[in-house]
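Everything on this sheet refers to the single structure shown next.
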Amino acid sequence: MVKAKFDYTGIGVRDLDHSIKFYTEKLGMQLLGRYKIKETNGEIADLKSPDGDQKLELNWYANRGEYKNGDELDHLAFEVQDVDAALSELRSQGVEVAMEPFNAGNSRLAFVKDPDGIWIELEGPKKT
């Protein structure tokens with residue numbers, strides 16, 4: 001079993017600016033940062049409620065295509081000590097890998113799929 005701590009929920013959005021405005025102006029969340037991710041050809045925004053512990057990540061992808069209702073859940077993120085080791089362990093247990101590890105900013109990321117196909121992000125310290 002991989003030791004992992006639930007960190008945040010990522011949802012897919014159609015218009016990043018519009019969604020940031022909604023969550024900050026209507027629900028009082030604070031924008032923590034906004035980043036382009038070349039590996040996914042997209043952009044993300046991290047938000048948090050002033051008194052909350054969980055983060056919300058808004059994900060916009062240039063190549064997403066058409067949305068259907070229910071497509072909005074993008075992924076769940078779990079923090080691990082070592083992304084490559086965790087991925088190797090999960091792979092050995094038959095878990096489907098959705099995206100091999102890569103460095104993004106100060107983090108190392110990889111994605112696996114749960115039994116229903118929901119993407120699970122493994123995030124940890126960047127490897128040099």
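Identifiers for the structure tokens are assigned positionally: chains receive A, B, ... in sequence, residues are indexed from 1 per chain, and ligands are indexed from 1 in the order shown.
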Show me, as an MDAnalysis selection string, the residues that have an atom within 6 Å of Asn41 (chain A) when counting only C-alpha atoms, minus same-chain residues fewer than 2 positions from it. chainID A and resid 38:39 61:62
Take the residues from that selection and put them in a file with N, CA and C atoms, as a PDB file, in the first residue's frame.
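Done, and the output landed in result-v3.pdb:
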ATOM      1  N   LYS A  38       2.998  22.817 -19.534  1.00  0.00           N
ATOM      2  CA  LYS A  38       3.247  22.467 -20.937  1.00  0.00           C
ATOM      3  C   LYS A  38       2.949  21.000 -21.222  1.00  0.00           C
ATOM      4  N   GLU A  39       3.146  20.103 -20.227  1.00  0.00           N
ATOM      5  CA  GLU A  39       2.923  18.674 -20.454  1.00  0.00           C
ATOM      6  C   GLU A  39       1.463  18.338 -20.744  1.00  0.00           C
ATOM      7  N   TYR A  61      -7.723  22.902 -20.332  1.00  0.00           N
ATOM      8  CA  TYR A  61      -6.863  22.281 -21.328  1.00  0.00           C
ATOM      9  C   TYR A  61      -7.243  22.781 -22.711  1.00  0.00           C
ATOM     10  N   ALA A  62      -6.241  23.202 -23.478  1.00  0.00           N
ATOM     11  CA  ALA A  62      -6.483  23.719 -24.827  1.00  0.00           C
ATOM     12  C   ALA A  62      -7.082  22.653 -25.737  1.00  0.00           C
TER      13      ALA A  62
END
Quick one: residues within 12 Å of Glu100 (chain A), only C-alpha atoms counted, chain neighbours fewer than 5 positions away excluded, as a list in words?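 Neighbouring residues, sequence-local ones excluded: Glu39, Val83, Asp84, Ala86, Leu87, Ser88, Arg91, Arg108, Leu109, Ala110, Phe111, Val112, Lys113, Glu121, Leu122 and Glu123 of chain A.
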### Message
What parts of region 68-116 of chain A does DSSP call alpha helix (DSSP H)? I'd like the answer as a VMD selection string.
### Response
chain A and resid 83 to 92
Name the residues in contact with Ala4 (chain A) at a cut-off of 6 Å, using only C-alpha atoms, excluding same-chain residues fewer than 6 positions from it; report them as a PDB file with N, CA and C atoms, in the first residue's frame.
ATOM      1  N   PHE A  78      -3.088  13.128  -4.458  1.00  0.00           N
ATOM      2  CA  PHE A  78      -2.542  12.565  -3.233  1.00  0.00           C
ATOM      3  C   PHE A  78      -1.058  12.875  -3.160  1.00  0.00           C
ATOM      4  N   GLU A  79      -0.631  13.376  -2.012  1.00  0.00           N
ATOM      5  CA  GLU A  79       0.776  13.685  -1.776  1.00  0.00           C
ATOM      6  C   GLU A  79       1.504  12.418  -1.329  1.00  0.00           C
ATOM      7  N   VAL A  80       2.632  12.135  -1.952  1.00  0.00           N
ATOM      8  CA  VAL A  80       3.447  10.965  -1.604  1.00  0.00           C
ATOM      9  C   VAL A  80       4.897  11.422  -1.414  1.00  0.00           C
TER      10      VAL A  80
END
With distances taken over only C-alpha atoms, the candidate from A:Asp46, A:Glu57, A:Asp74, A:Glu89 nearest Gly117 (chain A) is A:Asp74
- Message: Can you tell me which residues surround Asp15 (chain A) at a distance of at most 12 Å, considering only C-alpha atoms, apart from same-chain residues fewer than 6 positions away, and format the answer as a list in words?
- Response: Lys21, Phe22, Gly42, Glu43, Ile44, Ala45, Leu58, Asn59, Trp60, Tyr61, Ala62, Arg64 and Tyr67 of chain A
Would you give me, as number ranges by chain, the residues in chain A that DSSP reads as strand (DSSP E or B)? A: 5-12, 30-37, 42-48, 55-61, 73-79, 97-104, 107-113, 119-125
Neighbouring residues of Lys126 (chain A) were defined as those with any atom within 8 Å, considering only C-alpha atoms; residues of the same chain fewer than 3 positions away were excluded. Please report them as a list in words.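 Within the cut-off, the hits are Asn103, Ala104, Gly105, Asn106, Ser107 and Arg108 of chain A.
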Go ahead and write the residues just picked, C-alpha atoms, as an mmCIF file, in the first residue's frame.
data_model
loop_
_atom_site.group_PDB
_atom_site.id
_atom_site.type_symbol
_atom_site.label_atom_id
_atom_site.label_comp_id
_atom_site.auth_asym_id
_atom_site.auth_seq_id
_atom_site.Cartn_x
_atom_site.Cartn_y
_atom_site.Cartn_z
ATOM 1 C CA ASN A 103 8.551 17.500 -13.215
ATOM 2 C CA ALA A 104 6.312 20.571 -13.063
ATOM 3 C CA GLY A 105 7.569 23.560 -11.136
ATOM 4 C CA ASN A 106 8.862 22.296 -7.793
ATOM 5 C CA SER A 107 6.828 19.102 -7.951
ATOM 6 C CA ARG A 108 7.037 15.688 -9.541
#
**Prompt:** Expressed in Å to a single decimal, how great is the separation between CA of Leu90 (chain A) and CA of Ile11 (chain A)?
**Reply:**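 Computing it gives 23.5 Å between the two atoms.
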